[in-house]
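Data block below; observations after.
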Amino acid sequence: MQAASPPQATPDPSQLRRAVTSSFLGSVIEYYDFLLYSTASAVVFAHVFFSNLSPVAGTLASFTTFATGYLARPLGGIIFGHFGDRLGRKRMLVVTMSLMGVASFLIGVLPTYGQAGTLAPVLLLLLRIVQGVAVGGEWGGAVLLSAEHATGRRGLWASFTNAGAPAGMALSTVVLSATSGAVGEEAFLSWGWRIPFLLSVVLLAVGLFVRLRVTETPVFAEAEEKEKKQESTPRRSLPLWDVLRHHPRVLLLSIGVGLSAFVFQGTVTTYIISYAVQGGFARQTVLNSLAVSSALAMFGIIGWSALSDRVGRRPVVMAGALAVGAYSFALFPLVDTGSTALLVLALVVGQSLVHPMMYGPLAALYTELFSTRSRYTGASLGYQIAGLGAGFAPLIFTEVQADTGDGATLLISTIIAAFCLGTVVCLTLLGETSRTDLTGRTTDSSAPLPVNGQAEAAQPS
């Protein structure tokens, strides 16, 4: 006789709404701060913190500090994933939001190189690392806060965390542009650039107000209560060790699934800015186009993720990978026309239509791959390692452009398409995940368990 399954958690609908709102706002705030730095590093920081260097060397140094934020993200996933799997999701999310808000505010009050010498760029680098650690811990917890509160349509609710990223980018671009326009170019380079960073305190206050009203997720609370009642339960291993020991294949495949989405994201949100400006577009025109495509991307992410609840994660993400692989060969020719309308079209199609097909469902997909007491760590680690693609693609493609010359864009498009092909292969090996709930039980008895479900069946969740 088969043993009865333990009762499933029954989340409060009002808490689900609060959790989704908190996750979205938290993601907006985190990525406002994180991506504000990326724009400032291209426009301001070379003049402010590396004024002792040549313009080229200063820009390179500025972009290097930008890349350290991405290197720190997996570390944040490990640190906050560990404590999030041990102590709960909500506590860690309060800490990550506070860390990001304080770090961004402090960047806004840093002395310049002219005022403090080499101490200024050192402090900037340290605060950028703190930003990376914070955003690395934020994503996994925010996704789980929504997904583990949801009783259905998990793809839809979890996607609001991913939708917060382009919303944060749009907000940071608008605030930076508005500040520059209001105070003028000279004042902006002198002190006006600090205003968008100082505004982080306001966003932090709003985000914490919402986040503190959310309860711990029912799925985590159920797993914790089950362990308390089982006196003979063996001592749990470290969440990171559990992921590396029980889910190594799943972890590697999850990185492969997400890598192409981030490589393309880095292309259309960072590399294309310098490429278009070098091609003759005004920087403000490119930033305005990016703001439009970022705002529209929110709807694409939510829409494709909702579809993945109906047809599965794998068909939507796989279709997105194929679409992005093909579109990468049209992206640069559209920009090369020199037409502002076609530039906007290129970014809107790329960032708002085809990229969300890959990126949106990843929130639910990563959540569904790991057991409850190692889910924060596993999902964060897979997502943040894949996220290195967004940090390093612009640097790699810049080097490709410098070495290859006129044929650079064709080679770059081929590289993007190759990553997309890798995503298709990894998805094929990974299997469908949407048919399992977050305790490893299938919702469709006729469907095979995904690879993680079999691993969870052999161990307590």
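We name chains A, B, ... following the order of the structure tokens; residues begin at 1 in each chain, and ligands are numbered from 1 as shown.
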Hey, what's within 8 Å of A:Phe281 if we count only C-alpha atoms and toss same-chain stuff fewer than 5 positions away? As a list in words, please?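 Returned residues: Ala276, Val286, Gly338 and Thr340 of chain A.
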Picked from stretch 183-356 of chain A by DSSP as helix (DSSP H, G or I), as a PDB file with C-alpha atoms, in the first residue's frame:
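Dumped everything to result_16.pdb:
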ATOM      1  CA  VAL A 183      21.338  70.234 -14.271  1.00  0.00           C
ATOM      2  CA  GLU A 185      26.360  68.400 -18.682  1.00  0.00           C
ATOM      3  CA  GLU A 186      29.008  70.244 -16.623  1.00  0.00           C
ATOM      4  CA  ALA A 187      27.067  70.110 -13.362  1.00  0.00           C
ATOM      5  CA  PHE A 188      26.095  66.502 -14.019  1.00  0.00           C
ATOM      6  CA  LEU A 189      29.731  65.422 -14.284  1.00  0.00           C
ATOM      7  CA  SER A 190      30.600  67.491 -11.217  1.00  0.00           C
ATOM      8  CA  TRP A 191      27.854  66.507  -8.765  1.00  0.00           C
ATOM      9  CA  GLY A 192      24.559  65.752 -10.537  1.00  0.00           C
ATOM     10  CA  ARG A 194      25.150  61.531  -7.389  1.00  0.00           C
ATOM     11  CA  ILE A 195      21.406  62.270  -7.300  1.00  0.00           C
ATOM     12  CA  PRO A 196      20.186  58.963  -8.838  1.00  0.00           C
ATOM     13  CA  PHE A 197      22.333  57.018  -6.351  1.00  0.00           C
ATOM     14  CA  LEU A 198      21.095  59.039  -3.386  1.00  0.00           C
ATOM     15  CA  SER A 200      18.156  54.694  -3.567  1.00  0.00           C
ATOM     16  CA  VAL A 201      17.284  55.496   0.030  1.00  0.00           C
ATOM     17  CA  VAL A 202      13.738  56.443  -0.966  1.00  0.00           C
ATOM     18  CA  LEU A 203      13.307  53.248  -2.975  1.00  0.00           C
ATOM     19  CA  LEU A 204      14.746  51.227  -0.092  1.00  0.00           C
ATOM     20  CA  ALA A 205      12.201  52.638   2.348  1.00  0.00           C
ATOM     21  CA  VAL A 206       9.295  51.787   0.028  1.00  0.00           C
ATOM     22  CA  GLY A 207      10.625  48.293  -0.646  1.00  0.00           C
ATOM     23  CA  LEU A 208      11.191  47.444   3.015  1.00  0.00           C
ATOM     24  CA  PHE A 209       7.712  48.666   3.939  1.00  0.00           C
ATOM     25  CA  VAL A 210       6.177  46.162   1.526  1.00  0.00           C
ATOM     26  CA  ARG A 211       8.616  43.320   2.194  1.00  0.00           C
ATOM     27  CA  PRO A 218       4.248  28.014   3.244  1.00  0.00           C
ATOM     28  CA  VAL A 219       6.454  25.494   1.437  1.00  0.00           C
ATOM     29  CA  PHE A 220       9.497  26.365   3.559  1.00  0.00           C
ATOM     30  CA  ALA A 221       7.424  26.506   6.747  1.00  0.00           C
ATOM     31  CA  GLU A 222       5.955  23.064   5.976  1.00  0.00           C
ATOM     32  CA  ALA A 223       9.402  21.537   5.392  1.00  0.00           C
ATOM     33  CA  GLU A 224      10.716  23.106   8.596  1.00  0.00           C
ATOM     34  CA  GLU A 225       7.743  21.860  10.622  1.00  0.00           C
ATOM     35  CA  LYS A 226       8.121  18.359   9.187  1.00  0.00           C
ATOM     36  CA  GLU A 227      11.757  18.245  10.296  1.00  0.00           C
ATOM     37  CA  LYS A 228      10.862  19.343  13.817  1.00  0.00           C
ATOM     38  CA  LYS A 229       8.343  16.512  14.157  1.00  0.00           C
ATOM     39  CA  PRO A 239      22.707  23.379   1.127  1.00  0.00           C
ATOM     40  CA  LEU A 240      25.658  23.977  -1.210  1.00  0.00           C
ATOM     41  CA  TRP A 241      26.977  20.456  -0.597  1.00  0.00           C
ATOM     42  CA  ASP A 242      23.479  19.058  -1.151  1.00  0.00           C
ATOM     43  CA  VAL A 243      23.273  20.800  -4.537  1.00  0.00           C
ATOM     44  CA  LEU A 244      26.751  19.717  -5.621  1.00  0.00           C
ATOM     45  CA  ARG A 245      26.258  16.140  -4.405  1.00  0.00           C
ATOM     46  CA  HIS A 246      22.647  15.400  -5.366  1.00  0.00           C
ATOM     47  CA  PRO A 248      25.298  18.360 -10.133  1.00  0.00           C
ATOM     48  CA  ARG A 249      23.802  17.429 -13.506  1.00  0.00           C
ATOM     49  CA  VAL A 250      20.769  19.612 -12.942  1.00  0.00           C
ATOM     50  CA  LEU A 251      22.973  22.527 -11.866  1.00  0.00           C
ATOM     51  CA  LEU A 252      25.161  22.291 -14.967  1.00  0.00           C
ATOM     52  CA  LEU A 253      22.176  21.966 -17.294  1.00  0.00           C
ATOM     53  CA  SER A 254      20.448  24.938 -15.632  1.00  0.00           C
ATOM     54  CA  ILE A 255      23.539  27.065 -16.273  1.00  0.00           C
ATOM     55  CA  GLY A 256      23.515  25.972 -19.909  1.00  0.00           C
ATOM     56  CA  VAL A 257      19.822  26.802 -20.242  1.00  0.00           C
ATOM     57  CA  GLY A 258      20.199  30.355 -18.944  1.00  0.00           C
ATOM     58  CA  LEU A 259      23.565  31.310 -20.415  1.00  0.00           C
ATOM     59  CA  SER A 260      22.314  32.279 -23.881  1.00  0.00           C
ATOM     60  CA  ALA A 261      19.596  34.499 -22.408  1.00  0.00           C
ATOM     61  CA  PHE A 262      22.193  36.452 -20.458  1.00  0.00           C
ATOM     62  CA  VAL A 263      24.681  36.659 -23.320  1.00  0.00           C
ATOM     63  CA  PHE A 264      21.953  38.189 -25.482  1.00  0.00           C
ATOM     64  CA  GLN A 265      20.822  40.415 -22.615  1.00  0.00           C
ATOM     65  CA  GLY A 266      24.340  41.823 -22.264  1.00  0.00           C
ATOM     66  CA  THR A 267      24.389  42.395 -26.012  1.00  0.00           C
ATOM     67  CA  VAL A 268      21.122  44.344 -26.316  1.00  0.00           C
ATOM     68  CA  THR A 269      21.413  46.316 -23.070  1.00  0.00           C
ATOM     69  CA  THR A 270      25.124  47.133 -22.824  1.00  0.00           C
ATOM     70  CA  TYR A 271      27.214  46.309 -25.894  1.00  0.00           C
ATOM     71  CA  ILE A 272      24.699  47.762 -28.337  1.00  0.00           C
ATOM     72  CA  ILE A 273      24.959  51.167 -26.593  1.00  0.00           C
ATOM     73  CA  SER A 274      28.637  51.597 -27.439  1.00  0.00           C
ATOM     74  CA  TYR A 275      28.159  49.953 -30.847  1.00  0.00           C
ATOM     75  CA  ALA A 276      25.335  52.311 -31.829  1.00  0.00           C
ATOM     76  CA  VAL A 277      27.147  55.400 -30.538  1.00  0.00           C
ATOM     77  CA  GLN A 278      30.255  54.420 -32.499  1.00  0.00           C
ATOM     78  CA  ARG A 283      24.078  58.553 -26.811  1.00  0.00           C
ATOM     79  CA  GLN A 284      20.794  59.996 -25.536  1.00  0.00           C
ATOM     80  CA  THR A 285      18.939  58.550 -28.545  1.00  0.00           C
ATOM     81  CA  VAL A 286      20.294  55.100 -27.736  1.00  0.00           C
ATOM     82  CA  LEU A 287      19.459  55.450 -24.037  1.00  0.00           C
ATOM     83  CA  ASN A 288      15.925  56.578 -24.845  1.00  0.00           C
ATOM     84  CA  SER A 289      15.481  53.591 -27.163  1.00  0.00           C
ATOM     85  CA  LEU A 290      16.782  51.298 -24.430  1.00  0.00           C
ATOM     86  CA  ALA A 291      14.347  52.796 -21.918  1.00  0.00           C
ATOM     87  CA  VAL A 292      11.417  52.117 -24.268  1.00  0.00           C
ATOM     88  CA  SER A 293      12.445  48.526 -24.962  1.00  0.00           C
ATOM     89  CA  SER A 294      13.096  47.898 -21.242  1.00  0.00           C
ATOM     90  CA  ALA A 295       9.640  49.140 -20.276  1.00  0.00           C
ATOM     91  CA  LEU A 296       7.981  46.951 -22.914  1.00  0.00           C
ATOM     92  CA  ALA A 297      10.087  43.950 -21.869  1.00  0.00           C
ATOM     93  CA  MET A 298       8.101  43.712 -18.624  1.00  0.00           C
ATOM     94  CA  PHE A 299       4.981  42.751 -20.568  1.00  0.00           C
ATOM     95  CA  GLY A 300       6.873  40.274 -22.711  1.00  0.00           C
ATOM     96  CA  ILE A 301       8.352  38.539 -19.671  1.00  0.00           C
ATOM     97  CA  ILE A 302       5.011  38.229 -17.897  1.00  0.00           C
ATOM     98  CA  GLY A 303       3.128  37.171 -21.044  1.00  0.00           C
ATOM     99  CA  TRP A 304       5.525  34.420 -22.139  1.00  0.00           C
ATOM    100  CA  SER A 305       5.811  33.159 -18.556  1.00  0.00           C
ATOM    101  CA  ALA A 306       2.033  32.900 -18.272  1.00  0.00           C
ATOM    102  CA  LEU A 307       2.025  30.894 -21.499  1.00  0.00           C
ATOM    103  CA  SER A 308       4.616  28.534 -20.013  1.00  0.00           C
ATOM    104  CA  ASP A 309       2.056  27.597 -17.340  1.00  0.00           C
ATOM    105  CA  ARG A 310      -0.201  26.300 -20.107  1.00  0.00           C
ATOM    106  CA  VAL A 311       2.214  24.645 -22.531  1.00  0.00           C
ATOM    107  CA  ARG A 313       8.558  25.828 -19.687  1.00  0.00           C
ATOM    108  CA  ARG A 314      10.562  23.861 -22.250  1.00  0.00           C
ATOM    109  CA  PRO A 315       8.522  24.715 -25.403  1.00  0.00           C
ATOM    110  CA  VAL A 316       8.518  28.454 -24.625  1.00  0.00           C
ATOM    111  CA  VAL A 317      12.197  28.719 -23.684  1.00  0.00           C
ATOM    112  CA  MET A 318      13.251  26.513 -26.607  1.00  0.00           C
ATOM    113  CA  ALA A 319      11.242  28.606 -29.057  1.00  0.00           C
ATOM    114  CA  GLY A 320      12.836  31.705 -27.576  1.00  0.00           C
ATOM    115  CA  ALA A 321      16.332  30.281 -28.001  1.00  0.00           C
ATOM    116  CA  LEU A 322      15.669  29.491 -31.657  1.00  0.00           C
ATOM    117  CA  ALA A 323      14.127  32.940 -32.219  1.00  0.00           C
ATOM    118  CA  VAL A 324      17.046  34.750 -30.553  1.00  0.00           C
ATOM    119  CA  GLY A 325      19.586  32.663 -32.465  1.00  0.00           C
ATOM    120  CA  ALA A 326      17.965  33.661 -35.746  1.00  0.00           C
ATOM    121  CA  TYR A 327      17.327  37.282 -34.755  1.00  0.00           C
ATOM    122  CA  SER A 328      20.940  37.844 -33.718  1.00  0.00           C
ATOM    123  CA  PHE A 329      21.828  37.935 -37.439  1.00  0.00           C
ATOM    124  CA  ALA A 330      19.284  40.732 -38.036  1.00  0.00           C
ATOM    125  CA  LEU A 331      20.095  42.851 -34.974  1.00  0.00           C
ATOM    126  CA  PHE A 332      23.266  44.548 -36.183  1.00  0.00           C
ATOM    127  CA  PRO A 333      22.115  45.156 -39.784  1.00  0.00           C
ATOM    128  CA  LEU A 334      19.097  47.009 -38.363  1.00  0.00           C
ATOM    129  CA  VAL A 335      21.342  49.212 -36.226  1.00  0.00           C
ATOM    130  CA  ASP A 336      23.768  49.742 -39.124  1.00  0.00           C
ATOM    131  CA  THR A 340      16.452  55.861 -35.332  1.00  0.00           C
ATOM    132  CA  ALA A 341      13.169  54.105 -36.033  1.00  0.00           C
ATOM    133  CA  LEU A 342      14.971  50.901 -36.975  1.00  0.00           C
ATOM    134  CA  LEU A 343      17.216  51.215 -33.914  1.00  0.00           C
ATOM    135  CA  VAL A 344      14.122  51.341 -31.709  1.00  0.00           C
ATOM    136  CA  LEU A 345      12.630  48.415 -33.633  1.00  0.00           C
ATOM    137  CA  ALA A 346      15.835  46.400 -33.227  1.00  0.00           C
ATOM    138  CA  LEU A 347      15.889  46.901 -29.465  1.00  0.00           C
ATOM    139  CA  VAL A 348      12.145  46.388 -28.979  1.00  0.00           C
ATOM    140  CA  VAL A 349      12.077  43.123 -30.935  1.00  0.00           C
ATOM    141  CA  GLY A 350      15.268  41.927 -29.284  1.00  0.00           C
ATOM    142  CA  GLN A 351      14.670  42.936 -25.670  1.00  0.00           C
ATOM    143  CA  SER A 352      10.871  43.013 -25.508  1.00  0.00           C
ATOM    144  CA  LEU A 353       9.748  40.156 -27.753  1.00  0.00           C
ATOM    145  CA  VAL A 354      12.253  37.351 -28.377  1.00  0.00           C
ATOM    146  CA  HIS A 355      14.497  37.648 -25.305  1.00  0.00           C
ATOM    147  CA  PRO A 356      11.574  37.386 -22.814  1.00  0.00           C
TER     148      PRO A 356
END
May I ask which of the residues A:Gly389, A:Gly407, A:Gly84, A:Gly164 is the closest one to A:Tyr32, counting only C-alpha atoms?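 Going through A:Gly389, A:Gly407, A:Gly84, A:Gly164 one by one, the smallest distance to A:Tyr32 is for A:Gly164.
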Kindly give the distance, in Å, that separates atom CA of A:Leu144 and atom CA of A:Leu36, rounded to a single decimal.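 Interatomic distance here is 25.2 Å.
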A:Gly132 surroundings by only C-alpha atoms, 7 Å radius, close-in-sequence under 3 positions cut, as a tab-separated table (two decimals) with N, CA, C and O atoms, in the first residue's frame:
chain	number	residue	atom	x	y	z
A	69	GLY	N	30.93	43.34	-10.25
A	69	GLY	CA	29.59	43.11	-9.70
A	69	GLY	C	29.02	41.79	-10.14
A	69	GLY	O	28.37	41.08	-9.36
A	70	TYR	N	29.26	41.43	-11.40
A	70	TYR	CA	28.77	40.14	-11.90
A	70	TYR	C	29.56	38.98	-11.30
A	70	TYR	O	29.00	37.92	-11.01
A	72	ALA	N	30.72	38.89	-8.36
A	72	ALA	CA	30.29	38.74	-6.97
A	72	ALA	C	28.91	38.12	-6.83
A	72	ALA	O	28.54	37.66	-5.74
A	73	ARG	N	28.14	38.08	-7.92
A	73	ARG	CA	26.77	37.59	-7.82
A	73	ARG	C	26.67	36.12	-7.41
A	73	ARG	O	25.85	35.77	-6.55
A	76	GLY	N	27.11	35.90	-3.73
A	76	GLY	CA	25.89	36.30	-3.02
A	76	GLY	C	24.86	35.20	-3.02
A	76	GLY	O	24.16	34.97	-2.02
A	128	ARG	N	30.89	48.18	-5.21
A	128	ARG	CA	30.36	47.42	-6.36
A	128	ARG	C	30.29	45.93	-6.03
A	128	ARG	O	29.35	45.24	-6.43
A	129	ILE	N	31.28	45.43	-5.30
A	129	ILE	CA	31.25	44.03	-4.88
A	129	ILE	C	30.07	43.78	-3.95
A	129	ILE	O	29.37	42.76	-4.06
A	135	VAL	N	22.63	41.59	-5.06
A	135	VAL	CA	21.73	41.19	-6.15
A	135	VAL	C	21.81	39.68	-6.37
A	135	VAL	O	20.83	39.05	-6.78
A	136	GLY	N	22.98	39.08	-6.07
A	136	GLY	CA	23.11	37.64	-6.18
A	136	GLY	C	22.24	36.90	-5.19
A	136	GLY	O	21.74	35.80	-5.48
Computed interatomic separation between atom CA of A:Pro166 and atom CA of A:Gly77 (Å):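 One can read the atom CA of A:Pro166 to atom CA of A:Gly77 distance as 20.4 Å.
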Could you tell me which of A:Thr65, A:Thr428, A:Thr21, A:Thr96 comes closest to A:Ser41 if we count only C-alpha atoms? A:Thr65
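In terms of minimum interatomic distance to A:Leu16, A:Gly152 ranks closest within A:Gly422, A:Gly152, A:Gly280, A:Gly382, counting only C-alpha atoms.
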